[in-house]
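Dropping model-v7.cif in here (mmCIF, C-alpha atoms):
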```
data_my_file
#
loop_
_atom_site.group_PDB
_atom_site.id
_atom_site.type_symbol
_atom_site.label_atom_id
_atom_site.label_comp_id
_atom_site.auth_asym_id
_atom_site.auth_seq_id
_atom_site.Cartn_x
_atom_site.Cartn_y
_atom_site.Cartn_z
ATOM 1 C CA MET A 1 -26.393 -8.971 -7.704
ATOM 2 C CA LEU A 2 -24.599 -10.456 -10.693
ATOM 3 C CA GLU A 3 -21.022 -11.727 -10.827
ATOM 4 C CA ALA A 4 -18.521 -9.156 -12.093
ATOM 5 C CA PRO A 5 -16.554 -10.121 -15.189
ATOM 6 C CA LEU A 6 -12.770 -10.402 -14.701
ATOM 7 C CA ASP A 7 -10.232 -9.444 -17.350
ATOM 8 C CA ASP A 8 -6.473 -9.949 -17.566
ATOM 9 C CA SER A 9 -4.763 -6.621 -18.223
ATOM 10 C CA GLY A 10 -1.348 -8.251 -18.522
ATOM 11 C CA SER A 11 -0.480 -8.606 -14.846
ATOM 12 C CA GLY A 12 -3.446 -10.621 -13.634
ATOM 13 C CA LEU A 13 -7.213 -10.586 -13.283
ATOM 14 C CA ALA A 14 -9.229 -7.543 -12.205
ATOM 15 C CA PRO A 15 -12.968 -6.767 -12.303
ATOM 16 C CA VAL A 16 -14.232 -4.754 -15.263
ATOM 17 C CA GLY A 17 -17.705 -4.115 -13.904
ATOM 18 C CA ASP A 18 -19.835 -4.080 -10.783
ATOM 19 C CA GLY A 19 -20.785 -7.224 -8.907
ATOM 20 C CA TRP A 20 -19.343 -9.909 -6.704
ATOM 21 C CA PHE A 21 -16.278 -11.909 -7.689
ATOM 22 C CA VAL A 22 -13.678 -14.348 -6.402
ATOM 23 C CA VAL A 23 -10.016 -14.172 -7.409
ATOM 24 C CA ASN A 24 -6.930 -15.857 -5.972
ATOM 25 C CA VAL A 25 -3.993 -13.570 -5.119
ATOM 26 C CA ARG A 26 -1.791 -15.633 -7.470
ATOM 27 C CA ASP A 27 -4.150 -14.763 -10.343
ATOM 28 C CA ALA A 28 -5.078 -11.170 -9.376
ATOM 29 C CA GLN A 29 -3.743 -7.990 -10.975
ATOM 30 C CA TRP A 30 -0.530 -6.588 -9.492
ATOM 31 C CA LEU A 31 0.990 -3.121 -9.758
ATOM 32 C CA THR A 32 4.707 -2.432 -9.239
ATOM 33 C CA SER A 33 6.843 0.668 -8.855
ATOM 34 C CA GLU A 34 10.625 0.677 -8.531
ATOM 35 C CA ASN A 35 11.673 4.212 -7.702
ATOM 36 C CA GLY A 36 15.031 3.310 -6.217
ATOM 37 C CA GLU A 37 16.499 4.464 -2.953
ATOM 38 C CA LYS A 38 14.733 7.271 -1.080
ATOM 39 C CA LYS A 39 11.437 7.046 -2.992
ATOM 40 C CA PRO A 40 8.274 4.998 -2.377
ATOM 41 C CA SER A 41 8.181 1.734 -4.286
ATOM 42 C CA GLY A 42 7.003 -1.831 -3.912
ATOM 43 C CA SER A 43 4.144 -3.864 -5.339
ATOM 44 C CA GLU A 44 0.457 -4.082 -4.555
ATOM 45 C CA CYS A 45 -2.587 -6.162 -5.313
ATOM 46 C CA SER A 46 -5.643 -3.934 -5.008
ATOM 47 C CA PHE A 47 -8.321 -6.434 -6.135
ATOM 48 C CA GLU A 48 -10.000 -3.654 -8.126
ATOM 49 C CA SER A 49 -9.456 -1.717 -11.342
ATOM 50 C CA ALA A 50 -10.076 1.738 -12.769
ATOM 51 C CA LYS A 51 -13.287 0.315 -14.263
ATOM 52 C CA ALA A 52 -14.500 -1.198 -10.990
ATOM 53 C CA GLU A 53 -13.328 0.593 -7.833
ATOM 54 C CA PHE A 54 -14.637 -0.280 -4.397
ATOM 55 C CA PRO A 55 -16.526 2.838 -3.264
ATOM 56 C CA GLN A 56 -16.591 2.185 0.499
ATOM 57 C CA LEU A 57 -13.594 0.038 1.453
ATOM 58 C CA GLY A 58 -10.010 0.093 0.254
ATOM 59 C CA ILE A 59 -8.260 -3.231 0.720
ATOM 60 C CA ARG A 60 -4.983 -4.417 -0.745
ATOM 61 C CA LEU A 61 -1.892 -6.489 -0.275
ATOM 62 C CA HIS A 62 1.374 -4.603 -0.384
ATOM 63 C CA VAL A 63 4.759 -6.296 -0.867
ATOM 64 C CA LEU A 64 7.888 -4.470 0.260
ATOM 65 C CA GLU A 65 11.491 -5.563 -0.199
ATOM 66 C CA PRO A 66 13.936 -4.392 2.502
ATOM 67 C CA GLY A 67 14.272 -0.599 2.299
ATOM 68 C CA GLU A 68 11.182 -0.068 0.104
ATOM 69 C CA GLN A 69 8.468 2.294 1.368
ATOM 70 C CA ASN A 70 4.794 1.787 0.565
ATOM 71 C CA GLY A 71 4.201 5.514 0.153
ATOM 72 C CA LEU A 72 4.971 8.823 1.823
ATOM 73 C CA TYR A 73 4.678 9.508 5.567
ATOM 74 C CA HIS A 74 1.138 10.807 6.067
ATOM 75 C CA SER A 75 -2.033 10.887 8.126
ATOM 76 C CA GLU A 76 -5.618 10.371 7.000
ATOM 77 C CA SER A 77 -8.932 11.601 8.344
ATOM 78 C CA GLU A 78 -10.236 8.005 8.546
ATOM 79 C CA GLN A 79 -9.031 4.966 10.462
ATOM 80 C CA GLU A 80 -7.041 2.205 8.804
ATOM 81 C CA ALA A 81 -5.981 -1.334 9.723
ATOM 82 C CA PHE A 82 -2.832 -3.247 8.771
ATOM 83 C CA LEU A 83 -1.811 -6.883 9.282
ATOM 84 C CA VAL A 84 1.699 -8.154 8.482
ATOM 85 C CA LEU A 85 1.169 -11.547 6.848
ATOM 86 C CA SER A 86 4.811 -12.473 6.281
ATOM 87 C CA GLY A 87 8.280 -11.003 6.601
ATOM 88 C CA GLU A 88 9.309 -7.888 8.518
ATOM 89 C CA CYS A 89 8.807 -4.157 8.128
ATOM 90 C CA ARG A 90 9.436 -0.958 10.005
ATOM 91 C CA LEU A 91 6.390 1.008 11.022
ATOM 92 C CA LEU A 92 7.121 4.728 11.245
ATOM 93 C CA VAL A 93 4.316 6.089 13.430
ATOM 94 C CA GLU A 94 3.962 9.460 15.147
ATOM 95 C CA GLY A 95 7.719 10.041 15.033
ATOM 96 C CA GLU A 96 8.521 6.576 16.467
ATOM 97 C CA GLU A 97 9.858 3.442 14.811
ATOM 98 C CA ARG A 98 8.578 -0.088 15.486
ATOM 99 C CA LEU A 99 9.720 -3.374 13.947
ATOM 100 C CA LEU A 100 6.737 -5.483 12.887
ATOM 101 C CA ARG A 101 6.826 -9.199 12.080
ATOM 102 C CA SER A 102 4.373 -11.773 10.742
ATOM 103 C CA TRP A 103 0.948 -11.521 12.387
ATOM 104 C CA ASP A 104 1.581 -8.107 13.961
ATOM 105 C CA PHE A 105 -1.489 -5.871 13.651
ATOM 106 C CA PHE A 106 -1.437 -2.070 13.540
ATOM 107 C CA HIS A 107 -4.603 -0.020 14.111
ATOM 108 C CA SER A 108 -4.233 3.554 12.855
ATOM 109 C CA PRO A 109 -6.910 5.889 14.242
ATOM 110 C CA ALA A 110 -7.829 8.933 12.173
ATOM 111 C CA GLY A 111 -5.060 11.541 12.217
ATOM 112 C CA THR A 112 -2.193 9.109 12.978
ATOM 113 C CA GLU A 113 0.993 9.834 11.001
ATOM 114 C CA HIS A 114 2.462 6.607 9.577
ATOM 115 C CA ILE A 115 4.195 4.684 6.770
ATOM 116 C CA PHE A 116 5.826 1.250 6.318
ATOM 117 C CA VAL A 117 9.377 0.410 5.202
ATOM 118 C CA GLY A 118 10.436 -3.130 4.283
ATOM 119 C CA ALA A 119 12.963 -4.693 6.678
ATOM 120 C CA GLY A 120 14.600 -8.043 7.332
ATOM 121 C CA ASP A 121 16.211 -10.170 4.638
ATOM 122 C CA GLY A 122 13.282 -10.730 2.271
ATOM 123 C CA PRO A 123 9.886 -9.474 1.137
ATOM 124 C CA CYS A 124 7.227 -8.347 3.595
ATOM 125 C CA VAL A 125 3.519 -8.811 2.797
ATOM 126 C CA ILE A 126 1.033 -6.452 4.482
ATOM 127 C CA LEU A 127 -2.775 -6.588 4.273
ATOM 128 C CA MET A 128 -4.066 -2.982 4.318
ATOM 129 C CA ALA A 129 -7.674 -1.873 4.783
ATOM 130 C CA GLY A 130 -9.383 1.483 5.214
ATOM 131 C CA ALA A 131 -12.672 3.295 4.729
ATOM 132 C CA ARG A 132 -13.223 5.398 1.628
ATOM 133 C CA LEU A 133 -15.278 8.491 2.212
ATOM 134 C CA GLU A 134 -15.757 11.509 -0.034
ATOM 135 C CA THR A 135 -14.750 13.705 2.903
ATOM 136 C CA GLU A 136 -11.378 11.965 3.359
ATOM 137 C CA GLN A 137 -8.502 14.323 4.006
ATOM 138 C CA LEU A 138 -4.797 13.526 3.780
ATOM 139 C CA HIS A 139 -1.836 15.314 5.320
ATOM 140 C CA TYR A 140 1.848 14.849 4.426
ATOM 141 C CA PRO A 141 4.070 16.379 7.147
ATOM 142 C CA VAL A 142 7.812 16.872 7.020
ATOM 143 C CA SER A 143 9.369 14.320 9.391
ATOM 144 C CA GLU A 144 13.013 13.790 10.325
ATOM 145 C CA LEU A 145 12.371 10.081 10.982
ATOM 146 C CA ALA A 146 10.609 9.489 7.646
ATOM 147 C CA ALA A 147 13.353 11.442 5.838
ATOM 148 C CA ARG A 148 15.907 8.821 6.988
ATOM 149 C CA TYR A 149 13.944 6.253 4.968
ATOM 150 C CA GLY A 150 13.103 8.454 1.971
ATOM 151 C CA ALA A 151 9.363 8.373 2.736
ATOM 152 C CA ILE A 152 8.967 12.131 3.026
ATOM 153 C CA VAL A 153 7.699 15.138 1.127
ATOM 154 C CA ASP A 154 9.988 18.121 0.587
ATOM 155 C CA GLU A 155 7.282 20.509 1.716
ATOM 156 C CA GLU A 156 4.272 19.881 3.984
ATOM 157 C CA THR A 157 1.050 19.499 2.000
ATOM 158 C CA SER A 158 -2.509 18.182 2.149
ATOM 159 C CA ASP A 159 -2.642 17.633 -1.632
ATOM 160 C CA TRP A 160 -1.761 14.041 -2.579
ATOM 161 C CA ARG A 161 -1.129 15.124 -6.184
ATOM 162 C CA GLN A 162 1.566 17.533 -4.993
ATOM 163 C CA ALA A 163 3.032 14.945 -2.594
ATOM 164 C CA TYR A 164 3.398 12.325 -5.343
ATOM 165 C CA ALA A 165 4.149 14.669 -8.272
ATOM 166 C CA THR A 166 7.664 13.302 -8.803
ATOM 167 C CA ILE A 167 6.910 9.659 -7.963
ATOM 168 C CA GLU A 168 6.691 7.028 -10.709
ATOM 169 C CA ARG A 169 3.208 5.658 -11.300
ATOM 170 C CA PHE A 170 2.683 1.948 -10.773
ATOM 171 C CA ARG A 171 3.136 -0.407 -13.745
ATOM 172 C CA ARG A 172 0.954 -3.459 -14.251
ATOM 173 C CA GLU A 173 3.322 -6.286 -13.357
ATOM 174 C CA ARG A 174 3.957 -8.784 -10.613
ATOM 175 C CA PRO A 175 6.573 -8.085 -7.898
ATOM 176 C CA PRO A 176 10.175 -8.871 -8.828
ATOM 177 C CA CYS A 177 10.282 -11.154 -5.747
ATOM 178 C CA TRP A 178 7.203 -13.137 -6.927
ATOM 179 C CA SER A 179 8.852 -16.568 -6.621
ATOM 180 C CA ARG A 180 9.811 -15.869 -2.962
ATOM 181 C CA LEU A 181 6.281 -14.979 -1.780
ATOM 182 C CA PRO A 182 4.156 -17.288 0.392
ATOM 183 C CA TRP A 183 1.656 -18.124 -2.346
ATOM 184 C CA ALA A 184 4.141 -18.744 -5.186
#
```
Would you encode the structure as structure tokens?
Amino acid sequence: MLEAPLDDSGSGLAPVGDGWFVVNVRDAQWLTSENGEKKPSGSECSFESAKAEFPQLGIRLHVLEPGEQNGLYHSESEQEAFLVLSGECRLLVEGEERLLRSWDFFHSPAGTEHIFVGAGDGPCVILMAGARLETEQLHYPVSELAARYGAIVDEETSDWRQAYATIERFRRERPPCWSRLPWA
């Protein structure tokens, strides 16, 4: 297997072909969305690009400022794993709320409703990993708890395009809190 070439798209390095590669988080491509209150936002480092997606495993770092949600409250047909690397966040899971801190791990079995919301007084960094299968199914329920944090759909759906139809797409840029992150 050959080494994949890396290219800087303006917000860091990302692979532009198949193969192995090494990239430091400080140098990797970042995507940011600032949707304001009551809409998913935050920043992520996905380690991949549209030209070179990982077909079997999704893995990324997500940075959330207090009050930012990493997406919409949902469940997936595959298991996922999450590790809080720094800061604090709220885990909304199965209608319950849990405060997570550095080094807390959350295992989400298939079918578990969940989402994260930044908490505390600074950025939270979460390592997220999950399987990618062609048969993956998503579900976005209406939830009173998630509605309090703006991480909710207006109408229950299993179509991610419908769920995110009014949400801003990510821009290629580093998080606004870049200088306050552990690797800065």
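For the file shown, the residue list from the PyMOL selection byres ((chain A and resi 8) around 12) reads Pro5, Leu6, Asp7, Ser9, Gly10, Ser11, Gly12, Leu13, Ala14, Pro15, Val16, Val23, Asp27, Ala28, Gln29, Trp30, Glu48, Ser49, Arg172 and Glu173 of chain A.
Listed by chain and then by number, the residues chosen by the PyMOL selection byres ((chain A and resi 2) around 10) in this file are Met1, Glu3, Ala4, Pro5, Gly17, Asp18, Gly19, Trp20 and Phe21 of chain A.
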*Pairwise distance for atom CA of Leu61 of chain A and atom CA of Glu44 of chain A, rounded to one decimal in Å*: 5.4 Å
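The closest residue to Ser158 of chain A, picked from A:Leu181, A:Ser75, A:Ser143, A:Arg174 and counting all atoms listed in the file, is A:Ser75.
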*Leaving out segment 103-114 of chain A and any residue of its chain fewer than 5 positions from it, which residues lie within 9 Å of it when counting all atoms listed in the file, given as a VMD selection string?*
chain A and resid 72 to 86 91 to 95 138 to 141 146
Could those selected residues go to a file with C-alpha atoms, as a PDB file, in the coordinates of the input?
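Now in again31.pdb:
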```pdb
ATOM      1  CA  LEU A  72       4.971   8.823   1.823  1.00  0.00           C
ATOM      2  CA  TYR A  73       4.678   9.508   5.567  1.00  0.00           C
ATOM      3  CA  HIS A  74       1.138  10.807   6.067  1.00  0.00           C
ATOM      4  CA  SER A  75      -2.033  10.887   8.126  1.00  0.00           C
ATOM      5  CA  GLU A  76      -5.618  10.371   7.000  1.00  0.00           C
ATOM      6  CA  SER A  77      -8.932  11.601   8.344  1.00  0.00           C
ATOM      7  CA  GLU A  78     -10.236   8.005   8.546  1.00  0.00           C
ATOM      8  CA  GLN A  79      -9.031   4.966  10.462  1.00  0.00           C
ATOM      9  CA  GLU A  80      -7.041   2.205   8.804  1.00  0.00           C
ATOM     10  CA  ALA A  81      -5.981  -1.334   9.723  1.00  0.00           C
ATOM     11  CA  PHE A  82      -2.832  -3.247   8.771  1.00  0.00           C
ATOM     12  CA  LEU A  83      -1.811  -6.883   9.282  1.00  0.00           C
ATOM     13  CA  VAL A  84       1.699  -8.154   8.482  1.00  0.00           C
ATOM     14  CA  LEU A  85       1.169 -11.547   6.848  1.00  0.00           C
ATOM     15  CA  SER A  86       4.811 -12.473   6.281  1.00  0.00           C
ATOM     16  CA  LEU A  91       6.390   1.008  11.022  1.00  0.00           C
ATOM     17  CA  LEU A  92       7.121   4.728  11.245  1.00  0.00           C
ATOM     18  CA  VAL A  93       4.316   6.089  13.430  1.00  0.00           C
ATOM     19  CA  GLU A  94       3.962   9.460  15.147  1.00  0.00           C
ATOM     20  CA  GLY A  95       7.719  10.041  15.033  1.00  0.00           C
ATOM     21  CA  LEU A 138      -4.797  13.526   3.780  1.00  0.00           C
ATOM     22  CA  HIS A 139      -1.836  15.314   5.320  1.00  0.00           C
ATOM     23  CA  TYR A 140       1.848  14.849   4.426  1.00  0.00           C
ATOM     24  CA  PRO A 141       4.070  16.379   7.147  1.00  0.00           C
ATOM     25  CA  ALA A 146      10.609   9.489   7.646  1.00  0.00           C
TER      26      ALA A 146
END
```
*What gap, in Å, lies between atom CA of Arg171 of chain A and atom CA of Arg148 of chain A?*
26.0 Å
*Run the PyMOL selection byres ((chain A and resi 68) around 12) against the file shown and list the residues it catches, as number ranges by chain.*
A: 32-43, 62-67, 69-72, 88-91, 115-120, 122-125, 149-151
*State, in Å with one decimal place, the distance from atom CA of Ala50 of chain A to atom CA of Arg161 of chain A.*
17.4 Å
*Mind checking which residues fall within 6 Å of Leu57 of chain A, counting all atoms listed in the file, ignoring those fewer than 5 positions away in the same chain, and posting them as a PyMOL selection string?*
chain A and resi 130-132
Kindly provide, as a PDB file with C-alpha atoms, in the coordinates of the input, the polymer residues lying within 6 Å of (-6.6, -3.5, -4.5), counting only C-alpha atoms and using the coordinates exactly as they appear in the file.
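Writing the result to part37.pdb gives the following:
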```pdb
ATOM      1  CA  CYS A  45      -2.587  -6.162  -5.313  1.00  0.00           C
ATOM      2  CA  SER A  46      -5.643  -3.934  -5.008  1.00  0.00           C
ATOM      3  CA  PHE A  47      -8.321  -6.434  -6.135  1.00  0.00           C
ATOM      4  CA  GLU A  48     -10.000  -3.654  -8.126  1.00  0.00           C
ATOM      5  CA  ILE A  59      -8.260  -3.231   0.720  1.00  0.00           C
ATOM      6  CA  ARG A  60      -4.983  -4.417  -0.745  1.00  0.00           C
TER       7      ARG A  60
END
```
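Nearest residue to Cys177 of chain A among A:Val142, A:Gly58, A:Asp121, A:Ala165 is A:Asp121, counting only C-alpha atoms.
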